[in-house]
Structure formats: structure tokens, C-alpha cells
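K.L.:
The structure is given below, and queries will be raised subsequently.
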Amino acid sequence: MKQLTIISGKGGTGKTTITASFTSLAKTAVVADCDVDAPDLHLILKPKIMEVMRFSGAKIAVVDYDKCSECGRCIEHCRFDAISESYEILENRCEGCGVCEYVCPFGAIRLINRESGMAYKSFMRFGPMAHALLNTAQEASGKLVALVRNNAKELAKEYEKELCIIDGPPGIGCPVIAAIAGVNLVLAVTEPTLPAIHDLERILGVAHHFKIPAVVCINKCDINWENSKKIEEYCKKESIDVVGNLPYDDVVTEAMIAEKTVVEFSDSEIAKNITMMWLNIERRLS
């Protein structure tokens with residue numbers, strides 16, 4: 001199975017809009033929404049959930065009060081102030097480090113799995129979909145991304161799909177690395193603003209570090225032609241192809257309101273450009 005991950009150095013560049021359109025254009029693809037901290041691909045694709053999995057990415061301490069002598073050693077050694085004077089574990093402070101369990105002389109504290117989020121196997125109008133949601137303020141989103149990708153592989157095998165289109169998280173952190181590791185191609189979506197250019201350079205650096213081929217799409221290219229030119233010059237210097245230049249168009253917002261992909265909703269210039277970009281990428285993956 002071929003894998004394409006669509007990423008961006010910052011949020012709001014249009015990555016999910018492009019992912020949704022690619023999903024509607026692909027003939028044999030499963031889609032994975034790996035932006036688990038703030039997933040929104042489901043708002044356009046409207047999947048029907050078939051299977052739900054609880055995800056535990058961290059631990060939390062629990063106290064057995066029958067064994068607790070209230071000696072105070074756990075409170076003394078907890079650097080996160082996660083244990084109250086009445087020996088209750090403060091869930092929003094506990095980091096699951098285990099020092100309390102280690103120092104308790106009576107074995108009154110132990111670590112258990114903390115429910116950190118949910119993962120889903122679903123089916124939408126274009127085929128199977130894997131997605132997830134990390135609970136508020138929870139960590140280990142990289143592990144949840146890995147679970148989503150594994151679910152996508154299982155769905156691809158079950159439904160005999162030849163391609164996985166991955167909507168990656170923004171930035172350059174652990175979730176992004178989990179979303180691009182081992183894929184065949186990365187599409188980095190940027191826009192012609194100075195912060196976006198800076199973040200594009202960082203995310204392309206991550207792809208280069210892991211030896212993953214990358215191409216670039218400049219979204220809203222006509223809002224600042226000078227910066228768009230800078231991006232093209234940078235990509236040329238780094239031997240990276242710019243496979244798409246998408247103009248600003250209100251039809252993108254209109255399509256979102258209608259809960260449709262851009263290429264479903266319209267035959268506008270941007271829809272045609274997205275289609276041409278997809279054909280270019282499809283050739284690279286073949």
C-alpha cells in the first residue's frame with residue numbers, strides 16, 4: 001500500500017481542505033485523519049462510525065486507602081503537587097511518573113492506565129476512514145497517531161485499498177513524525193506569509209531528515225505574489241517540486257458550509273487546480 005501524508009508547518013494553511021478533495025478524487029484509497037489533537041476532516045466527510053477503541057497513552061496514580069498510613073512520603077516526593085493533604089490524586093496534575101508508587105513503604109499507591117482518547121474505524125461516502133480524538137490536555141498524541149495509521153492499514157487490507165491518504169497534524173513535533181514515518185510521499189501545504197515560509201522550511205527539514213520525498217503546494221498563492229515567488233525560489237534551490245499553486249477563492253468556505261469537498265461542490269479554478277495537483281501526485285505514487 002502506498003502512503004501519502006499531507007502536512008503543514010503551521011495550522012490553517014488548507015491542508016485538510018486538500019486532503020478531503022484528494023479523498024474524493026482517489027479511486028482506491030483509505031483516509032486517515034492523524035490530526036488527533038484537533039481533528040476536523042470528519043466535518044466534511046461525515047463518516048459513520050463502525051468501531052470504537054479506547055486509547056490509553058499515559059498512566060495515573062490511584063491510592064488504596066485501606067493500605068495508606070498517611071505517612072506523607074508520597075506528598076513529599078511528588079514534584080507536580082498532584083497529591084492533596086487528604087491523599088487524593090489530583091487528576092489534572094498527575095503526570096503518571098510513578099515516584100509515589102516507588103516511595104510508598106506500604107504499597108498503597110499504584111499506576112493504572114489513564115483513558116487519553118478514542119480511536120475510530122469508520123466508513124464515509126468515499127470509502128473507509130480511520131480517525132481519533134485525544135482528550136483535552138492529554139499527552140502521547142504520537143502514540144494515538146500510530147494507532148490511527150495502524151487502523152488505516154487494517155481497513156485498507158479489509159477493503160482492498162491500494163493507497164492511504166493521511167491528513168497530518170501541523171507543526172514539527174512527535175505527532176508529525178508519527179504521521180510521516182515510512183510514507184512514500186509528503187505534500188507540504190504552505191501559504192505566502194512570512195511565518196508560513198519559516199514553518200515550511202522547518203517541516204521540509206523534518207521530511208529530509210527522515211529521507212521522505214516531499215513536494216509543496218502554495219495555497220492562496222495570489223494574496224502575496226512576492227512571497228509566493230520566494231517559496232518557489234527556495235524550493236528550486238532545494239530541488240523540491242512545487243506541484244500546486246492554488247488561488248484564494250471563497251468557494252472553499254462555501255464548500256465547507258455545504259459539508260462537501262471543493263471538487264464535489266464546484267468546477268471553479270481552484271477545484272481544477274486541485275484536480276491537476278492530484279493527478280501529478282498520483283503519478284508520483286504509481
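A note on labels: chains of the C-alpha cells are A, B, ... as shown, every chain counts residues from 1, and ligands are counted from 1 in their shown order.
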Please list as a VMD selection string every residue within 12 Å of A:Asp167, counting only C-alpha atoms and excluding residues in the same chain fewer than 3 positions away.

P.N.:
chain A and resid 3 to 8 14 to 23 30 to 36 38 to 42 129 to 132 145 148 to 149 152 164 170 175 to 176 178 to 180 186 to 189

K.L.:
Assign secondary structure with DSSP using the backbone only, and return the residues of stretch 106-238 of chain A in helix (DSSP H, G or I) as a PyMOL selection string.

P.N.:
chain A and resi 141-159+174-180+194-209+221-223+225-237

K.L.:
Counting only C-alpha atoms, which residue out of A:Ile109, A:Ile60, A:Ala146, A:Val183 sits closest to A:Cys94?

P.N.:
A:Ile60

K.L.:
Mind listing the strand (DSSP E) residues of stretch 25-211 of chain A, per DSSP on the backbone, as an MDAnalysis selection string?

P.N.:
chainID A and resid 29:33 48:63 109:124 127:134 163:170 185:190

K.L.:
Write the residues of the preceding selection, restricted to C-alpha atoms, as an mmCIF file, in the first residue's frame.

P.N.:
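Produced file result28.cif, reproduced below:
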data_model
loop_
_atom_site.group_PDB
_atom_site.id
_atom_site.type_symbol
_atom_site.label_atom_id
_atom_site.label_comp_id
_atom_site.auth_asym_id
_atom_site.auth_seq_id
_atom_site.Cartn_x
_atom_site.Cartn_y
_atom_site.Cartn_z
ATOM 1 C CA ALA A 29 -7.893 4.968 -1.058
ATOM 2 C CA VAL A 30 -8.459 4.832 2.669
ATOM 3 C CA VAL A 31 -8.158 8.139 4.522
ATOM 4 C CA ALA A 32 -6.617 8.673 7.962
ATOM 5 C CA ASP A 33 -7.118 11.853 9.980
ATOM 6 C CA LYS A 48 -20.386 6.658 10.042
ATOM 7 C CA ILE A 49 -18.514 5.094 12.974
ATOM 8 C CA MET A 50 -18.246 1.297 12.777
ATOM 9 C CA GLU A 51 -15.828 0.546 15.617
ATOM 10 C CA VAL A 52 -14.663 2.479 18.696
ATOM 11 C CA MET A 53 -11.397 1.852 20.562
ATOM 12 C CA ARG A 54 -10.395 3.392 23.879
ATOM 13 C CA PHE A 55 -6.862 4.772 23.865
ATOM 14 C CA SER A 56 -4.569 4.919 26.861
ATOM 15 C CA GLY A 57 -1.384 6.855 26.300
ATOM 16 C CA ALA A 58 -0.362 7.579 29.884
ATOM 17 C CA LYS A 59 -0.700 6.411 33.490
ATOM 18 C CA ILE A 60 -2.325 7.882 36.577
ATOM 19 C CA ALA A 61 -1.788 7.070 40.246
ATOM 20 C CA VAL A 62 -4.526 5.607 42.460
ATOM 21 C CA VAL A 63 -4.490 5.190 46.248
ATOM 22 C CA ILE A 109 -0.227 3.535 45.524
ATOM 23 C CA ARG A 110 -0.162 2.006 42.072
ATOM 24 C CA LEU A 111 -0.332 3.256 38.494
ATOM 25 C CA ILE A 112 -3.198 2.393 36.172
ATOM 26 C CA ASN A 113 -3.888 3.254 32.545
ATOM 27 C CA ARG A 114 -5.428 6.679 32.005
ATOM 28 C CA GLU A 115 -8.041 6.968 29.251
ATOM 29 C CA SER A 116 -6.442 9.514 26.945
ATOM 30 C CA GLY A 117 -8.728 9.460 23.928
ATOM 31 C CA MET A 118 -10.744 7.442 21.438
ATOM 32 C CA ALA A 119 -9.894 5.933 18.051
ATOM 33 C CA TYR A 120 -12.446 5.087 15.380
ATOM 34 C CA LYS A 121 -12.842 2.931 12.310
ATOM 35 C CA SER A 122 -15.492 4.463 10.098
ATOM 36 C CA PHE A 123 -16.969 4.481 6.607
ATOM 37 C CA MET A 124 -17.808 7.609 4.628
ATOM 38 C CA GLY A 127 -14.744 4.642 1.454
ATOM 39 C CA PRO A 128 -13.131 3.642 4.779
ATOM 40 C CA MET A 129 -11.720 6.168 7.233
ATOM 41 C CA ALA A 130 -9.575 5.954 10.376
ATOM 42 C CA HIS A 131 -9.635 8.841 12.837
ATOM 43 C CA ALA A 132 -9.330 9.658 16.539
ATOM 44 C CA LEU A 133 -9.719 12.314 19.199
ATOM 45 C CA LEU A 134 -7.263 12.972 22.016
ATOM 46 C CA LEU A 163 -3.483 3.950 -1.121
ATOM 47 C CA CYS A 164 -3.678 5.643 2.269
ATOM 48 C CA ILE A 165 -4.150 9.423 2.303
ATOM 49 C CA ILE A 166 -3.091 10.824 5.668
ATOM 50 C CA ASP A 167 -4.177 14.231 6.964
ATOM 51 C CA GLY A 168 -1.218 15.030 9.202
ATOM 52 C CA PRO A 169 -1.064 17.348 12.210
ATOM 53 C CA PRO A 170 0.530 20.804 11.914
ATOM 54 C CA LEU A 185 5.500 10.978 -0.256
ATOM 55 C CA VAL A 186 4.865 14.110 1.777
ATOM 56 C CA LEU A 187 2.856 17.060 0.460
ATOM 57 C CA ALA A 188 3.693 20.207 2.437
ATOM 58 C CA VAL A 189 0.972 22.855 2.178
ATOM 59 C CA THR A 190 2.008 26.439 2.787
#

K.L.:
Report the closest atom pair, with its distance in Å rounded to one decimal, for each residue of stretch 33-127 of chain A that has an atom no farther than 12 Å from stretch 263-271 of chain A; count only C-alpha atoms, sort by chain and then rising residue number, and write it as CSV.

P.N.:
residue,atom,partner,partner_atom,distance
A:Ile44,CA,A:Glu264,CA,10.9
A:Leu45,CA,A:Glu264,CA,11.3
A:Arg125,CA,A:Glu264,CA,11.8
A:Phe126,CA,A:Glu264,CA,11.4

K.L.:
Output the selection as an mmCIF file, in the first residue's frame - C-alpha atoms for each residue.

P.N.:
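And here's part_13.cif as it stands now:
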data_model
loop_
_atom_site.group_PDB
_atom_site.id
_atom_site.type_symbol
_atom_site.label_atom_id
_atom_site.label_comp_id
_atom_site.auth_asym_id
_atom_site.auth_seq_id
_atom_site.Cartn_x
_atom_site.Cartn_y
_atom_site.Cartn_z
ATOM 1 C CA ILE A 44 -16.569 17.367 5.583
ATOM 2 C CA LEU A 45 -16.550 13.601 5.040
ATOM 3 C CA ARG A 125 -19.140 8.269 1.151
ATOM 4 C CA PHE A 126 -15.735 7.741 -0.488
#

K.L.:
Identify which of the residues A:Glu259, A:Asn92, A:Ile212, A:Tyr102 lies closest to A:His77, counting only C-alpha atoms when measuring atom-to-atom distances.

P.N.:
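Answer, going by the shortest atom-to-atom distance: A:Tyr102.
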
K.L.:
Could you pull the residues within 9 Å of stretch 234-247 of chain A, counting only C-alpha atoms, minus those fewer than 6 positions along the same chain, as a PyMOL selection string?

P.N.:
chain A and resi 187+201+213-223+228+269-271+273-274+276-278+280-281

K.L.:
Take the residues from that selection and put them in a file with N, CA and C atoms, as a tab-separated table (two decimals), in the first residue's frame.

P.N.:
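out.tsv, written as the output of this step:
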chain	number	residue	atom	x	y	z
A	187	LEU	N	3.27	15.81	1.09
A	187	LEU	CA	2.86	17.06	0.46
A	187	LEU	C	2.79	18.12	1.54
A	201	GLU	N	10.01	25.73	5.83
A	201	GLU	CA	11.41	25.32	5.83
A	201	GLU	C	11.67	24.29	6.95
A	213	PRO	N	10.58	11.70	0.45
A	213	PRO	CA	10.40	12.65	-0.65
A	213	PRO	C	9.27	13.63	-0.34
A	214	ALA	N	9.47	14.89	-0.71
A	214	ALA	CA	8.49	15.93	-0.41
A	214	ALA	C	8.23	16.81	-1.62
A	215	VAL	N	6.99	17.23	-1.74
A	215	VAL	CA	6.59	18.24	-2.72
A	215	VAL	C	5.79	19.31	-1.99
A	216	VAL	N	5.58	20.44	-2.65
A	216	VAL	CA	4.98	21.59	-1.98
A	216	VAL	C	3.78	22.10	-2.77
A	217	CYS	N	2.77	22.54	-2.02
A	217	CYS	CA	1.62	23.26	-2.59
A	217	CYS	C	1.55	24.63	-1.94
A	218	ILE	N	1.45	25.68	-2.75
A	218	ILE	CA	1.27	27.04	-2.24
A	218	ILE	C	-0.21	27.39	-2.32
A	219	ASN	N	-0.86	27.43	-1.18
A	219	ASN	CA	-2.28	27.77	-1.13
A	219	ASN	C	-2.44	29.29	-1.00
A	220	LYS	N	-3.52	29.82	-1.58
A	220	LYS	CA	-3.77	31.27	-1.58
A	220	LYS	C	-2.56	32.01	-2.17
A	221	CYS	N	-2.03	31.46	-3.24
A	221	CYS	CA	-0.78	31.98	-3.81
A	221	CYS	C	-0.90	33.43	-4.27
A	222	ASP	N	-2.12	33.88	-4.58
A	222	ASP	CA	-2.29	35.22	-5.15
A	222	ASP	C	-2.48	36.31	-4.09
A	223	ILE	N	-2.41	35.96	-2.81
A	223	ILE	CA	-2.56	37.03	-1.80
A	223	ILE	C	-1.25	37.79	-1.61
A	228	SER	N	5.09	34.27	-2.67
A	228	SER	CA	4.94	33.03	-3.44
A	228	SER	C	6.19	32.77	-4.28
A	269	GLU	N	-11.88	27.40	-10.68
A	269	GLU	CA	-10.46	27.32	-10.99
A	269	GLU	C	-9.70	26.55	-9.92
A	270	ILE	N	-10.00	26.82	-8.64
A	270	ILE	CA	-9.28	26.13	-7.58
A	270	ILE	C	-9.59	24.64	-7.58
A	271	ALA	N	-10.83	24.26	-7.90
A	271	ALA	CA	-11.17	22.84	-7.98
A	271	ALA	C	-10.38	22.17	-9.10
A	273	ASN	N	-7.49	23.18	-10.27
A	273	ASN	CA	-6.09	23.15	-9.86
A	273	ASN	C	-5.81	22.01	-8.88
A	274	ILE	N	-6.75	21.80	-7.96
A	274	ILE	CA	-6.60	20.69	-7.01
A	274	ILE	C	-6.60	19.36	-7.76
A	276	MET	N	-5.68	18.81	-10.90
A	276	MET	CA	-4.41	18.67	-11.61
A	276	MET	C	-3.28	18.30	-10.65
A	277	MET	N	-3.30	18.90	-9.46
A	277	MET	CA	-2.28	18.58	-8.47
A	277	MET	C	-2.40	17.12	-8.05
A	278	TRP	N	-3.63	16.63	-7.86
A	278	TRP	CA	-3.82	15.24	-7.50
A	278	TRP	C	-3.29	14.29	-8.58
A	280	ASN	N	-0.92	14.86	-10.65
A	280	ASN	CA	0.54	14.94	-10.57
A	280	ASN	C	1.05	14.03	-9.45
A	281	ILE	N	0.44	14.12	-8.28
A	281	ILE	CA	0.86	13.31	-7.13
A	281	ILE	C	0.58	11.83	-7.37

K.L.:
Can you list, as a list of chain:residue names, every protein, DNA or RNA residue that comes within 12 Å of A:Glu85 when you count only C-alpha atoms, leaving out same-chain residues fewer than 2 positions away?

P.N.:
A:Glu70, A:Cys71, A:Gly72, A:Arg73, A:Cys74, A:Ile75, A:Glu76, A:Asp81, A:Ala82, A:Ile83, A:Tyr87, A:Glu88, A:Ile89, A:Leu90

K.L.:
Keeping only N, CA and C atoms, take the residues you just selected and write them out as a tab-separated table (two decimals), in the first residue's frame.

P.N.:
chain	number	residue	atom	x	y	z
A	70	GLU	N	-0.91	7.33	55.67
A	70	GLU	CA	-0.79	8.80	55.65
A	70	GLU	C	0.56	9.25	56.21
A	71	CYS	N	1.61	8.55	55.78
A	71	CYS	CA	2.96	8.88	56.25
A	71	CYS	C	3.50	10.15	55.60
A	72	GLY	N	2.96	10.53	54.45
A	72	GLY	CA	3.35	11.78	53.79
A	72	GLY	C	4.50	11.67	52.82
A	73	ARG	N	5.07	10.48	52.63
A	73	ARG	CA	6.22	10.35	51.73
A	73	ARG	C	5.84	10.64	50.28
A	74	CYS	N	4.65	10.23	49.89
A	74	CYS	CA	4.22	10.48	48.50
A	74	CYS	C	4.07	11.97	48.24
A	75	ILE	N	3.46	12.68	49.20
A	75	ILE	CA	3.30	14.13	49.05
A	75	ILE	C	4.67	14.81	49.00
A	76	GLU	N	5.59	14.37	49.85
A	76	GLU	CA	6.92	14.95	49.92
A	76	GLU	C	7.70	14.80	48.61
A	81	ASP	N	2.95	18.28	42.73
A	81	ASP	CA	1.92	18.63	43.70
A	81	ASP	C	0.57	18.01	43.32
A	82	ALA	N	0.64	16.74	42.94
A	82	ALA	CA	-0.56	16.06	42.45
A	82	ALA	C	-1.29	15.26	43.53
A	83	ILE	N	-0.81	15.34	44.80
A	83	ILE	CA	-1.45	14.62	45.89
A	83	ILE	C	-1.87	15.63	46.96
A	87	TYR	N	-4.67	13.06	50.74
A	87	TYR	CA	-4.15	11.92	49.98
A	87	TYR	C	-5.05	11.52	48.81
A	88	GLU	N	-5.64	12.53	48.20
A	88	GLU	CA	-6.39	12.31	46.96
A	88	GLU	C	-5.48	12.66	45.78
A	89	ILE	N	-5.56	11.88	44.70
A	89	ILE	CA	-4.79	12.15	43.49
A	89	ILE	C	-5.52	13.21	42.67
A	90	LEU	N	-4.82	14.32	42.39
A	90	LEU	CA	-5.38	15.39	41.57
A	90	LEU	C	-5.13	15.05	40.10

K.L.:
What gap, in Å, lies between atom CA of A:Lys10 and atom CA of A:Leu200?

P.N.:
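Answer for the atom CA of A:Lys10 to atom CA of A:Leu200 separation: 8.0 Å.
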